[in-house]
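Visitor: Dropping in my_file.txt, with compact mmCIF, N, CA and C atoms.
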```txt
# COMPACT_ATOMS: atom_id res chain seq x y z
N MET B 2 28.22 12.35 14.70
CA MET B 2 29.13 12.98 15.66
C MET B 2 28.71 12.70 17.10
N ILE B 3 27.41 12.70 17.34
CA ILE B 3 26.91 12.48 18.69
C ILE B 3 26.28 11.10 18.78
N ASN B 4 26.63 10.39 19.83
CA ASN B 4 26.02 9.10 20.11
C ASN B 4 24.82 9.38 21.02
N TYR B 5 23.65 9.52 20.41
CA TYR B 5 22.45 9.91 21.15
C TYR B 5 22.03 8.90 22.22
N PRO B 6 22.24 7.60 22.02
CA PRO B 6 21.92 6.67 23.11
C PRO B 6 22.72 6.96 24.40
N THR B 7 23.94 7.46 24.25
CA THR B 7 24.73 7.84 25.43
C THR B 7 24.06 8.99 26.17
N ILE B 8 23.54 9.97 25.43
CA ILE B 8 22.83 11.10 26.04
C ILE B 8 21.56 10.61 26.74
N GLU B 9 20.84 9.72 26.08
CA GLU B 9 19.62 9.18 26.68
C GLU B 9 19.93 8.39 27.94
N GLN B 10 21.04 7.65 27.92
CA GLN B 10 21.45 6.89 29.11
C GLN B 10 21.80 7.85 30.25
N LEU B 11 22.48 8.94 29.91
CA LEU B 11 22.81 9.95 30.92
C LEU B 11 21.54 10.49 31.55
N LYS B 12 20.56 10.83 30.72
CA LYS B 12 19.28 11.34 31.24
C LYS B 12 18.61 10.30 32.14
N SER B 13 18.66 9.07 31.71
CA SER B 13 18.06 7.99 32.49
C SER B 13 18.78 7.81 33.83
N ASP B 14 20.10 7.93 33.80
CA ASP B 14 20.90 7.73 35.01
C ASP B 14 20.75 8.85 36.04
N VAL B 15 20.73 10.11 35.57
CA VAL B 15 20.77 11.23 36.51
C VAL B 15 19.55 12.13 36.45
N GLY B 16 18.66 11.88 35.49
CA GLY B 16 17.49 12.75 35.32
C GLY B 16 17.78 13.86 34.33
N ASN B 17 16.73 14.37 33.73
CA ASN B 17 16.88 15.39 32.69
C ASN B 17 17.56 16.66 33.17
N GLU B 18 17.14 17.16 34.31
CA GLU B 18 17.67 18.43 34.79
C GLU B 18 19.17 18.37 35.03
N LEU B 19 19.62 17.34 35.73
CA LEU B 19 21.06 17.21 35.98
C LEU B 19 21.80 16.91 34.68
N ALA B 20 21.21 16.13 33.79
CA ALA B 20 21.84 15.84 32.50
C ALA B 20 22.09 17.12 31.72
N VAL B 21 21.12 18.01 31.71
CA VAL B 21 21.26 19.30 31.03
C VAL B 21 22.41 20.10 31.64
N GLU B 22 22.47 20.14 32.96
CA GLU B 22 23.55 20.89 33.64
C GLU B 22 24.91 20.27 33.34
N LEU B 23 24.97 18.94 33.34
CA LEU B 23 26.23 18.26 33.04
C LEU B 23 26.67 18.51 31.60
N LEU B 24 25.72 18.49 30.68
CA LEU B 24 26.04 18.78 29.28
C LEU B 24 26.56 20.21 29.12
N LYS B 25 25.93 21.15 29.80
CA LYS B 25 26.39 22.55 29.74
C LYS B 25 27.82 22.66 30.27
N THR B 26 28.08 21.99 31.38
CA THR B 26 29.42 22.02 31.97
C THR B 26 30.44 21.37 31.04
N PHE B 27 30.06 20.23 30.45
CA PHE B 27 30.95 19.56 29.51
C PHE B 27 31.31 20.50 28.35
N ILE B 28 30.31 21.14 27.79
CA ILE B 28 30.55 22.04 26.66
C ILE B 28 31.47 23.18 27.07
N ASN B 29 31.16 23.84 28.18
CA ASN B 29 31.97 24.99 28.62
C ASN B 29 33.41 24.60 28.92
N GLU B 30 33.60 23.51 29.65
CA GLU B 30 34.95 23.07 30.01
C GLU B 30 35.71 22.56 28.78
N SER B 31 35.01 21.87 27.89
CA SER B 31 35.65 21.33 26.70
C SER B 31 36.09 22.42 25.75
N LYS B 32 35.34 23.50 25.69
CA LYS B 32 35.76 24.64 24.86
C LYS B 32 37.10 25.18 25.36
N LYS B 33 37.27 25.24 26.66
CA LYS B 33 38.55 25.70 27.23
C LYS B 33 39.67 24.73 26.88
N THR B 34 39.38 23.44 26.97
CA THR B 34 40.39 22.42 26.68
C THR B 34 40.77 22.44 25.21
N ILE B 35 39.80 22.60 24.33
CA ILE B 35 40.08 22.71 22.89
C ILE B 35 40.96 23.92 22.62
N ASP B 36 40.68 25.02 23.28
CA ASP B 36 41.48 26.23 23.10
C ASP B 36 42.94 25.96 23.45
N ILE B 37 43.17 25.28 24.56
CA ILE B 37 44.54 24.92 24.96
C ILE B 37 45.14 23.97 23.93
N LEU B 38 44.36 22.96 23.56
CA LEU B 38 44.84 21.93 22.64
C LEU B 38 45.33 22.51 21.32
N ILE B 39 44.58 23.42 20.75
CA ILE B 39 44.94 23.93 19.42
C ILE B 39 45.87 25.14 19.45
N ASN B 40 46.07 25.71 20.62
CA ASN B 40 46.91 26.92 20.69
C ASN B 40 48.25 26.73 21.37
N THR B 41 48.54 25.54 21.85
CA THR B 41 49.83 25.32 22.48
C THR B 41 50.76 24.58 21.52
N GLN B 42 52.03 24.76 21.71
CA GLN B 42 53.04 24.02 20.95
C GLN B 42 53.69 22.95 21.83
N ASN B 43 53.32 22.93 23.11
CA ASN B 43 53.89 22.01 24.08
C ASN B 43 53.26 20.63 23.92
N LEU B 44 54.06 19.65 23.52
CA LEU B 44 53.53 18.31 23.26
C LEU B 44 52.93 17.67 24.50
N SER B 45 53.50 17.95 25.65
CA SER B 45 52.96 17.40 26.89
C SER B 45 51.56 17.96 27.17
N GLU B 46 51.41 19.27 26.96
CA GLU B 46 50.09 19.90 27.13
C GLU B 46 49.08 19.36 26.12
N ILE B 47 49.53 19.14 24.90
CA ILE B 47 48.65 18.59 23.87
C ILE B 47 48.18 17.20 24.29
N GLU B 48 49.12 16.37 24.74
CA GLU B 48 48.77 15.02 25.15
C GLU B 48 47.80 15.01 26.33
N ILE B 49 48.06 15.83 27.33
CA ILE B 49 47.19 15.91 28.51
C ILE B 49 45.80 16.42 28.12
N SER B 50 45.75 17.46 27.30
CA SER B 50 44.47 18.02 26.88
C SER B 50 43.68 17.01 26.04
N ALA B 51 44.36 16.33 25.14
CA ALA B 51 43.68 15.33 24.31
C ALA B 51 43.14 14.19 25.16
N HIS B 52 43.93 13.76 26.14
CA HIS B 52 43.49 12.67 27.02
C HIS B 52 42.26 13.09 27.83
N SER B 53 42.32 14.27 28.39
CA SER B 53 41.20 14.78 29.18
C SER B 53 39.94 14.93 28.35
N LEU B 54 40.09 15.53 27.18
CA LEU B 54 38.94 15.74 26.31
C LEU B 54 38.39 14.42 25.80
N LYS B 55 39.27 13.49 25.48
CA LYS B 55 38.85 12.17 25.00
C LYS B 55 37.92 11.50 26.01
N SER B 56 38.34 11.48 27.26
CA SER B 56 37.56 10.81 28.30
C SER B 56 36.18 11.44 28.47
N SER B 57 36.14 12.74 28.56
CA SER B 57 34.85 13.40 28.75
C SER B 57 33.99 13.35 27.49
N ALA B 58 34.61 13.41 26.32
CA ALA B 58 33.85 13.34 25.06
C ALA B 58 33.11 12.01 24.98
N TYR B 59 33.80 10.91 25.26
CA TYR B 59 33.13 9.61 25.22
C TYR B 59 32.01 9.54 26.25
N SER B 60 32.23 10.11 27.41
CA SER B 60 31.20 10.08 28.47
C SER B 60 29.93 10.82 28.08
N PHE B 61 30.08 11.85 27.23
CA PHE B 61 28.94 12.67 26.85
C PHE B 61 28.49 12.42 25.40
N GLY B 62 28.86 11.28 24.87
CA GLY B 62 28.35 10.89 23.56
C GLY B 62 29.02 11.54 22.37
N ALA B 63 30.11 12.25 22.59
CA ALA B 63 30.81 12.91 21.49
C ALA B 63 31.89 11.96 20.97
N SER B 64 31.46 10.84 20.41
CA SER B 64 32.39 9.78 20.05
C SER B 64 33.36 10.16 18.93
N GLY B 65 32.92 10.94 17.96
CA GLY B 65 33.83 11.38 16.90
C GLY B 65 34.98 12.21 17.45
N LEU B 66 34.66 13.14 18.32
CA LEU B 66 35.67 13.97 18.95
C LEU B 66 36.58 13.11 19.84
N GLY B 67 35.98 12.17 20.54
CA GLY B 67 36.76 11.26 21.37
C GLY B 67 37.76 10.46 20.55
N ASP B 68 37.32 9.98 19.39
CA ASP B 68 38.21 9.22 18.50
C ASP B 68 39.36 10.08 18.00
N THR B 69 39.07 11.31 17.64
CA THR B 69 40.12 12.21 17.17
C THR B 69 41.12 12.50 18.28
N CYS B 70 40.62 12.69 19.49
CA CYS B 70 41.52 12.93 20.63
C CYS B 70 42.38 11.70 20.92
N THR B 71 41.82 10.51 20.72
CA THR B 71 42.59 9.28 20.87
C THR B 71 43.75 9.28 19.87
N SER B 72 43.46 9.67 18.64
CA SER B 72 44.50 9.73 17.60
C SER B 72 45.56 10.76 17.94
N ILE B 73 45.14 11.92 18.44
CA ILE B 73 46.10 12.96 18.83
C ILE B 73 47.00 12.45 19.94
N GLU B 74 46.39 11.85 20.95
CA GLU B 74 47.14 11.33 22.08
C GLU B 74 48.17 10.29 21.60
N SER B 75 47.76 9.42 20.69
CA SER B 75 48.65 8.39 20.17
C SER B 75 49.79 8.96 19.35
N ILE B 76 49.48 9.93 18.49
CA ILE B 76 50.51 10.47 17.60
C ILE B 76 51.56 11.26 18.37
N VAL B 77 51.17 11.85 19.49
CA VAL B 77 52.13 12.59 20.30
C VAL B 77 53.13 11.62 20.94
N LYS B 78 52.68 10.40 21.23
CA LYS B 78 53.54 9.42 21.91
C LYS B 78 54.53 8.74 20.97
N ILE B 79 54.28 8.80 19.67
CA ILE B 79 55.17 8.15 18.71
C ILE B 79 55.87 9.19 17.85
N GLU B 80 56.81 8.72 17.07
CA GLU B 80 57.47 9.61 16.10
C GLU B 80 56.42 10.14 15.13
N HIS B 81 56.35 11.43 14.96
CA HIS B 81 55.32 12.02 14.09
C HIS B 81 55.84 13.28 13.43
N SER B 82 55.18 13.64 12.37
CA SER B 82 55.52 14.91 11.73
C SER B 82 54.61 15.99 12.29
N ALA B 83 55.10 17.20 12.27
CA ALA B 83 54.29 18.33 12.73
C ALA B 83 53.05 18.46 11.86
N GLU B 84 53.19 18.14 10.59
CA GLU B 84 52.07 18.22 9.65
C GLU B 84 50.94 17.26 10.06
N ASP B 85 51.31 16.03 10.43
CA ASP B 85 50.30 15.05 10.86
C ASP B 85 49.57 15.53 12.11
N LEU B 86 50.33 16.02 13.07
CA LEU B 86 49.73 16.50 14.31
C LEU B 86 48.84 17.70 14.03
N ASN B 87 49.33 18.65 13.25
CA ASN B 87 48.53 19.84 12.95
C ASN B 87 47.25 19.49 12.22
N SER B 88 47.31 18.49 11.36
CA SER B 88 46.12 18.04 10.65
C SER B 88 45.07 17.50 11.63
N LEU B 89 45.52 16.69 12.58
CA LEU B 89 44.59 16.16 13.60
C LEU B 89 44.04 17.26 14.50
N LEU B 90 44.88 18.22 14.85
CA LEU B 90 44.42 19.33 15.69
C LEU B 90 43.35 20.15 14.96
N LYS B 91 43.54 20.34 13.67
CA LYS B 91 42.55 21.07 12.87
C LYS B 91 41.23 20.29 12.84
N ILE B 92 41.32 18.99 12.66
CA ILE B 92 40.12 18.15 12.68
C ILE B 92 39.41 18.26 14.03
N ALA B 93 40.18 18.20 15.11
CA ALA B 93 39.60 18.30 16.46
C ALA B 93 38.89 19.64 16.64
N ASP B 94 39.50 20.69 16.15
CA ASP B 94 38.91 22.02 16.26
C ASP B 94 37.57 22.08 15.52
N GLU B 95 37.57 21.58 14.29
CA GLU B 95 36.34 21.58 13.49
C GLU B 95 35.28 20.66 14.09
N GLN B 96 35.69 19.48 14.52
CA GLN B 96 34.75 18.53 15.12
C GLN B 96 34.15 19.09 16.40
N SER B 97 34.98 19.72 17.21
CA SER B 97 34.48 20.24 18.47
C SER B 97 33.42 21.31 18.23
N ALA B 98 33.65 22.18 17.26
CA ALA B 98 32.66 23.22 16.97
C ALA B 98 31.33 22.60 16.58
N GLU B 99 31.37 21.60 15.71
CA GLU B 99 30.14 20.93 15.28
C GLU B 99 29.51 20.13 16.43
N THR B 100 30.34 19.46 17.20
CA THR B 100 29.85 18.67 18.33
C THR B 100 29.15 19.56 19.35
N PHE B 101 29.78 20.66 19.71
CA PHE B 101 29.19 21.55 20.70
C PHE B 101 27.89 22.15 20.17
N LYS B 102 27.87 22.46 18.89
CA LYS B 102 26.65 22.99 18.27
C LYS B 102 25.52 21.96 18.36
N GLN B 103 25.83 20.70 18.05
CA GLN B 103 24.82 19.65 18.14
C GLN B 103 24.34 19.45 19.57
N LEU B 104 25.27 19.43 20.51
CA LEU B 104 24.88 19.24 21.91
C LEU B 104 24.06 20.42 22.42
N GLU B 105 24.47 21.63 22.05
CA GLU B 105 23.72 22.82 22.47
C GLU B 105 22.30 22.79 21.90
N SER B 106 22.15 22.20 20.72
CA SER B 106 20.82 22.15 20.11
C SER B 106 19.89 21.19 20.84
N ILE B 107 20.43 20.21 21.55
CA ILE B 107 19.55 19.29 22.28
C ILE B 107 19.29 19.75 23.71
N ILE B 108 20.08 20.70 24.20
CA ILE B 108 19.86 21.17 25.57
C ILE B 108 18.51 21.85 25.73
N PRO B 109 18.13 22.79 24.89
CA PRO B 109 16.80 23.39 25.06
C PRO B 109 15.68 22.36 24.94
N VAL B 110 15.84 21.40 24.05
CA VAL B 110 14.83 20.35 23.89
C VAL B 110 14.72 19.55 25.18
N SER B 111 15.86 19.19 25.76
CA SER B 111 15.85 18.44 27.00
C SER B 111 15.21 19.26 28.12
N TYR B 112 15.58 20.54 28.18
CA TYR B 112 15.05 21.40 29.23
C TYR B 112 13.56 21.62 29.06
N THR B 113 13.11 21.84 27.82
CA THR B 113 11.68 22.01 27.54
C THR B 113 10.93 20.73 27.88
N HIS B 114 11.51 19.60 27.51
CA HIS B 114 10.88 18.31 27.80
C HIS B 114 10.76 18.12 29.30
N LEU B 115 11.80 18.51 30.03
CA LEU B 115 11.77 18.39 31.49
C LEU B 115 10.65 19.23 32.09
N ARG B 116 10.52 20.46 31.63
CA ARG B 116 9.50 21.37 32.15
C ARG B 116 8.09 20.90 31.83
N ALA B 117 7.94 20.15 30.73
CA ALA B 117 6.60 19.70 30.32
C ALA B 117 6.05 18.62 31.23
N HIS B 118 6.92 17.97 31.97
CA HIS B 118 6.48 16.87 32.84
C HIS B 118 6.25 17.32 34.23
```
What does this structure look like when you write it as structure tokens?
Guide:
Amino acid sequence: MINYPTIEQLKSDVGNELAVELLKTFINESKKTIDILINTQNLSEIEISAHSLKSSAYSFGASGLGDTCTSIESIVKIEHSAEDLNSLLKIADEQSAETFKQLESIIPVSYTHLRAH
């Protein structure tokens, strides 16, 4: 679910402390976006939320979630059944919970590692 080399690159690019803060912000903001994504019936809102989440997910190593958001964004643009869309939204909801859990589990490690140096 998580592309750990992307996280390591982020740490290398901005330093551990800022990387931890950025990850926390990503998680908090993405939880809000997921809430909108799975609770709205407005296709335009779904497409915008999926696009936004996709971009940030890839940036923070959440490639599985990014891929699912890409699929959601695509299916909204073409003829689709409500069942197909709802299935993808359910996957996104489940993936996001697991993704955020995994990212949250590395934040204390990153922060502890930062303090040790």
Visitor: Please identify all polymer residues within 8 Å of Leu24 in chain B, counting all atoms listed in the file, omitting same-chain residues fewer than 3 positions from it, and present them as JSON, numbers by chain.
Guide: {"B": [18, 19, 20, 21, 27, 28, 29, 30, 61, 104, 105, 108]}
Visitor: Could you tell me which of B:Ser82, B:Ser88, B:Ser50, B:Gln96 comes closest to Leu66 in chain B if we count only C-alpha atoms?
Guide: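 When distances to Leu66 in chain B are compared using only C-alpha atoms, the smallest one comes from B:Gln96.
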Visitor: Taking into account only C-alpha atoms, which residue in the set B:Thr34, B:Thr71, B:Gln103, B:Asn87 is nearest to Tyr5 in chain B?
Guide: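 The shortest atom-to-atom distance to Tyr5 in chain B comes from B:Gln103.
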Visitor: Would you mind reading off the distance between atom C of Glu46 in chain B and CA of Ile3 in chain B, one decimal, in Å?
Guide: 24.4 Å
Visitor: Ser53 in chain B: which residues within 8 Å, counting only N, CA and C atoms, same-chain residues fewer than 4 positions away excluded, as number ranges by chain?
Guide: B: 31, 34, 47-49, 57-59, 70
Visitor: Please produce a file of those selected residues containing N, CA and C atoms, as a PDB file, in the frame of the given file.
Guide:
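Generated output (out-v2.pdb):
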```pdb
ATOM      1  N   SER B  31      35.010  21.870  27.890  1.00  0.00           N
ATOM      2  CA  SER B  31      35.650  21.330  26.700  1.00  0.00           C
ATOM      3  C   SER B  31      36.090  22.420  25.750  1.00  0.00           C
ATOM      4  N   THR B  34      39.380  23.440  26.970  1.00  0.00           N
ATOM      5  CA  THR B  34      40.390  22.420  26.680  1.00  0.00           C
ATOM      6  C   THR B  34      40.770  22.440  25.210  1.00  0.00           C
ATOM      7  N   ILE B  47      49.530  19.140  24.900  1.00  0.00           N
ATOM      8  CA  ILE B  47      48.650  18.590  23.870  1.00  0.00           C
ATOM      9  C   ILE B  47      48.180  17.200  24.290  1.00  0.00           C
ATOM     10  N   GLU B  48      49.120  16.370  24.740  1.00  0.00           N
ATOM     11  CA  GLU B  48      48.770  15.020  25.150  1.00  0.00           C
ATOM     12  C   GLU B  48      47.800  15.010  26.330  1.00  0.00           C
ATOM     13  N   ILE B  49      48.060  15.830  27.330  1.00  0.00           N
ATOM     14  CA  ILE B  49      47.190  15.910  28.510  1.00  0.00           C
ATOM     15  C   ILE B  49      45.800  16.420  28.120  1.00  0.00           C
ATOM     16  N   SER B  57      36.140  12.740  28.560  1.00  0.00           N
ATOM     17  CA  SER B  57      34.850  13.400  28.750  1.00  0.00           C
ATOM     18  C   SER B  57      33.990  13.350  27.490  1.00  0.00           C
ATOM     19  N   ALA B  58      34.610  13.410  26.320  1.00  0.00           N
ATOM     20  CA  ALA B  58      33.850  13.340  25.060  1.00  0.00           C
ATOM     21  C   ALA B  58      33.110  12.010  24.980  1.00  0.00           C
ATOM     22  N   TYR B  59      33.800  10.910  25.260  1.00  0.00           N
ATOM     23  CA  TYR B  59      33.130   9.610  25.220  1.00  0.00           C
ATOM     24  C   TYR B  59      32.010   9.540  26.250  1.00  0.00           C
ATOM     25  N   CYS B  70      40.620  12.690  19.490  1.00  0.00           N
ATOM     26  CA  CYS B  70      41.520  12.930  20.630  1.00  0.00           C
ATOM     27  C   CYS B  70      42.380  11.700  20.920  1.00  0.00           C
TER      28      CYS B  70
END
```
Visitor: How many Å lie between CA of Glu9 in chain B and CA of Ala93 in chain B, rounded to one decimal?
Guide: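 Between these atoms lies a distance of 24.2 Å.
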Visitor: For the atom pair atom N of Asn43 in chain B and CA of Leu23 in chain B, what is the interatomic distance in Å to one decimal place?
Guide: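 Atom N of Asn43 in chain B sits 29.2 Å away from CA of Leu23 in chain B.
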Visitor: May I have the residues within 9 Å of Asp94 in chain B as a compact mmCIF listing (two decimals) with N, CA and C atoms, keeping the file's coordinate frame, using only C-alpha atoms and disregarding those fewer than 5 positions away in the same chain?
Guide:
```
# COMPACT_ATOMS: atom_id res chain seq x y z
N ILE B 35 39.80 22.60 24.33
CA ILE B 35 40.08 22.71 22.89
C ILE B 35 40.96 23.92 22.62
N ASP B 36 40.68 25.02 23.28
CA ASP B 36 41.48 26.23 23.10
C ASP B 36 42.94 25.96 23.45
N LEU B 38 44.36 22.96 23.56
CA LEU B 38 44.84 21.93 22.64
C LEU B 38 45.33 22.51 21.32
N ILE B 39 44.58 23.42 20.75
CA ILE B 39 44.94 23.93 19.42
C ILE B 39 45.87 25.14 19.45
N LEU B 89 45.52 16.69 12.58
CA LEU B 89 44.59 16.16 13.60
C LEU B 89 44.04 17.26 14.50
N GLU B 99 31.37 21.60 15.71
CA GLU B 99 30.14 20.93 15.28
C GLU B 99 29.51 20.13 16.43
```
Visitor: Kindly compute an axis-aligned box around the listed atoms of range 5-14 of chain B, allowing 6 Å on each side, and express its centre and edge lengths in Å to one decimal as AutoDock Vina command-line options.
Guide:
```
--center_x 21.4 --center_y 9.0 --center_z 28.2 --size_x 18.7 --size_y 16.7 --size_z 27.6
```
Visitor: Output requested as a PDB file, keeping the file's coordinate frame - range 56-77 of chain B, filled out with N, CA, C and O atoms.
Guide:
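Generated file (rebuild07.pdb):
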```pdb
ATOM      1  N   SER B  56      38.340  11.480  27.260  1.00  0.00           N
ATOM      2  CA  SER B  56      37.560  10.810  28.300  1.00  0.00           C
ATOM      3  C   SER B  56      36.180  11.440  28.470  1.00  0.00           C
ATOM      4  O   SER B  56      35.170  10.734  28.506  1.00  0.00           O
ATOM      5  N   SER B  57      36.140  12.740  28.560  1.00  0.00           N
ATOM      6  CA  SER B  57      34.850  13.400  28.750  1.00  0.00           C
ATOM      7  C   SER B  57      33.990  13.350  27.490  1.00  0.00           C
ATOM      8  O   SER B  57      32.771  13.204  27.568  1.00  0.00           O
ATOM      9  N   ALA B  58      34.610  13.410  26.320  1.00  0.00           N
ATOM     10  CA  ALA B  58      33.850  13.340  25.060  1.00  0.00           C
ATOM     11  C   ALA B  58      33.110  12.010  24.980  1.00  0.00           C
ATOM     12  O   ALA B  58      31.918  11.972  24.656  1.00  0.00           O
ATOM     13  N   TYR B  59      33.800  10.910  25.260  1.00  0.00           N
ATOM     14  CA  TYR B  59      33.130   9.610  25.220  1.00  0.00           C
ATOM     15  C   TYR B  59      32.010   9.540  26.250  1.00  0.00           C
ATOM     16  O   TYR B  59      30.950   8.979  25.987  1.00  0.00           O
ATOM     17  N   SER B  60      32.230  10.110  27.410  1.00  0.00           N
ATOM     18  CA  SER B  60      31.200  10.080  28.470  1.00  0.00           C
ATOM     19  C   SER B  60      29.930  10.820  28.080  1.00  0.00           C
ATOM     20  O   SER B  60      28.850  10.490  28.547  1.00  0.00           O
ATOM     21  N   PHE B  61      30.080  11.850  27.230  1.00  0.00           N
ATOM     22  CA  PHE B  61      28.940  12.670  26.850  1.00  0.00           C
ATOM     23  C   PHE B  61      28.490  12.420  25.400  1.00  0.00           C
ATOM     24  O   PHE B  61      27.815  13.255  24.814  1.00  0.00           O
ATOM     25  N   GLY B  62      28.860  11.280  24.870  1.00  0.00           N
ATOM     26  CA  GLY B  62      28.350  10.890  23.560  1.00  0.00           C
ATOM     27  C   GLY B  62      29.020  11.540  22.370  1.00  0.00           C
ATOM     28  O   GLY B  62      28.541  11.391  21.249  1.00  0.00           O
ATOM     29  N   ALA B  63      30.110  12.250  22.590  1.00  0.00           N
ATOM     30  CA  ALA B  63      30.810  12.910  21.490  1.00  0.00           C
ATOM     31  C   ALA B  63      31.890  11.960  20.970  1.00  0.00           C
ATOM     32  O   ALA B  63      33.092  12.234  21.061  1.00  0.00           O
ATOM     33  N   SER B  64      31.460  10.840  20.410  1.00  0.00           N
ATOM     34  CA  SER B  64      32.390   9.780  20.050  1.00  0.00           C
ATOM     35  C   SER B  64      33.360  10.160  18.930  1.00  0.00           C
ATOM     36  O   SER B  64      34.525   9.759  18.959  1.00  0.00           O
ATOM     37  N   GLY B  65      32.920  10.940  17.960  1.00  0.00           N
ATOM     38  CA  GLY B  65      33.830  11.380  16.900  1.00  0.00           C
ATOM     39  C   GLY B  65      34.980  12.210  17.450  1.00  0.00           C
ATOM     40  O   GLY B  65      36.144  11.993  17.099  1.00  0.00           O
ATOM     41  N   LEU B  66      34.660  13.140  18.320  1.00  0.00           N
ATOM     42  CA  LEU B  66      35.670  13.970  18.950  1.00  0.00           C
ATOM     43  C   LEU B  66      36.580  13.110  19.840  1.00  0.00           C
ATOM     44  O   LEU B  66      37.787  13.291  19.863  1.00  0.00           O
ATOM     45  N   GLY B  67      35.980  12.170  20.540  1.00  0.00           N
ATOM     46  CA  GLY B  67      36.760  11.260  21.370  1.00  0.00           C
ATOM     47  C   GLY B  67      37.760  10.460  20.550  1.00  0.00           C
ATOM     48  O   GLY B  67      38.922  10.296  20.939  1.00  0.00           O
ATOM     49  N   ASP B  68      37.320   9.980  19.390  1.00  0.00           N
ATOM     50  CA  ASP B  68      38.210   9.220  18.500  1.00  0.00           C
ATOM     51  C   ASP B  68      39.360  10.080  18.000  1.00  0.00           C
ATOM     52  O   ASP B  68      40.512   9.621  17.939  1.00  0.00           O
ATOM     53  N   THR B  69      39.070  11.310  17.640  1.00  0.00           N
ATOM     54  CA  THR B  69      40.120  12.210  17.170  1.00  0.00           C
ATOM     55  C   THR B  69      41.120  12.500  18.280  1.00  0.00           C
ATOM     56  O   THR B  69      42.334  12.504  18.046  1.00  0.00           O
ATOM     57  N   CYS B  70      40.620  12.690  19.490  1.00  0.00           N
ATOM     58  CA  CYS B  70      41.520  12.930  20.630  1.00  0.00           C
ATOM     59  C   CYS B  70      42.380  11.700  20.920  1.00  0.00           C
ATOM     60  O   CYS B  70      43.549  11.835  21.287  1.00  0.00           O
ATOM     61  N   THR B  71      41.820  10.510  20.720  1.00  0.00           N
ATOM     62  CA  THR B  71      42.590   9.280  20.870  1.00  0.00           C
ATOM     63  C   THR B  71      43.750   9.280  19.870  1.00  0.00           C
ATOM     64  O   THR B  71      44.888   8.927  20.220  1.00  0.00           O
ATOM     65  N   SER B  72      43.460   9.670  18.640  1.00  0.00           N
ATOM     66  CA  SER B  72      44.500   9.730  17.600  1.00  0.00           C
ATOM     67  C   SER B  72      45.560  10.760  17.940  1.00  0.00           C
ATOM     68  O   SER B  72      46.762  10.514  17.755  1.00  0.00           O
ATOM     69  N   ILE B  73      45.140  11.920  18.440  1.00  0.00           N
ATOM     70  CA  ILE B  73      46.100  12.960  18.830  1.00  0.00           C
ATOM     71  C   ILE B  73      47.000  12.450  19.940  1.00  0.00           C
ATOM     72  O   ILE B  73      48.223  12.585  19.886  1.00  0.00           O
ATOM     73  N   GLU B  74      46.390  11.850  20.950  1.00  0.00           N
ATOM     74  CA  GLU B  74      47.140  11.330  22.080  1.00  0.00           C
ATOM     75  C   GLU B  74      48.170  10.290  21.600  1.00  0.00           C
ATOM     76  O   GLU B  74      49.307  10.293  22.037  1.00  0.00           O
ATOM     77  N   SER B  75      47.760   9.420  20.690  1.00  0.00           N
ATOM     78  CA  SER B  75      48.650   8.390  20.170  1.00  0.00           C
ATOM     79  C   SER B  75      49.790   8.960  19.350  1.00  0.00           C
ATOM     80  O   SER B  75      50.943   8.553  19.502  1.00  0.00           O
ATOM     81  N   ILE B  76      49.480   9.930  18.490  1.00  0.00           N
ATOM     82  CA  ILE B  76      50.510  10.470  17.600  1.00  0.00           C
ATOM     83  C   ILE B  76      51.560  11.260  18.370  1.00  0.00           C
ATOM     84  O   ILE B  76      52.731  11.288  17.980  1.00  0.00           O
ATOM     85  N   VAL B  77      51.170  11.850  19.490  1.00  0.00           N
ATOM     86  CA  VAL B  77      52.130  12.590  20.300  1.00  0.00           C
ATOM     87  C   VAL B  77      53.130  11.620  20.940  1.00  0.00           C
ATOM     88  O   VAL B  77      54.303  11.954  21.125  1.00  0.00           O
TER      89      VAL B  77
END
```
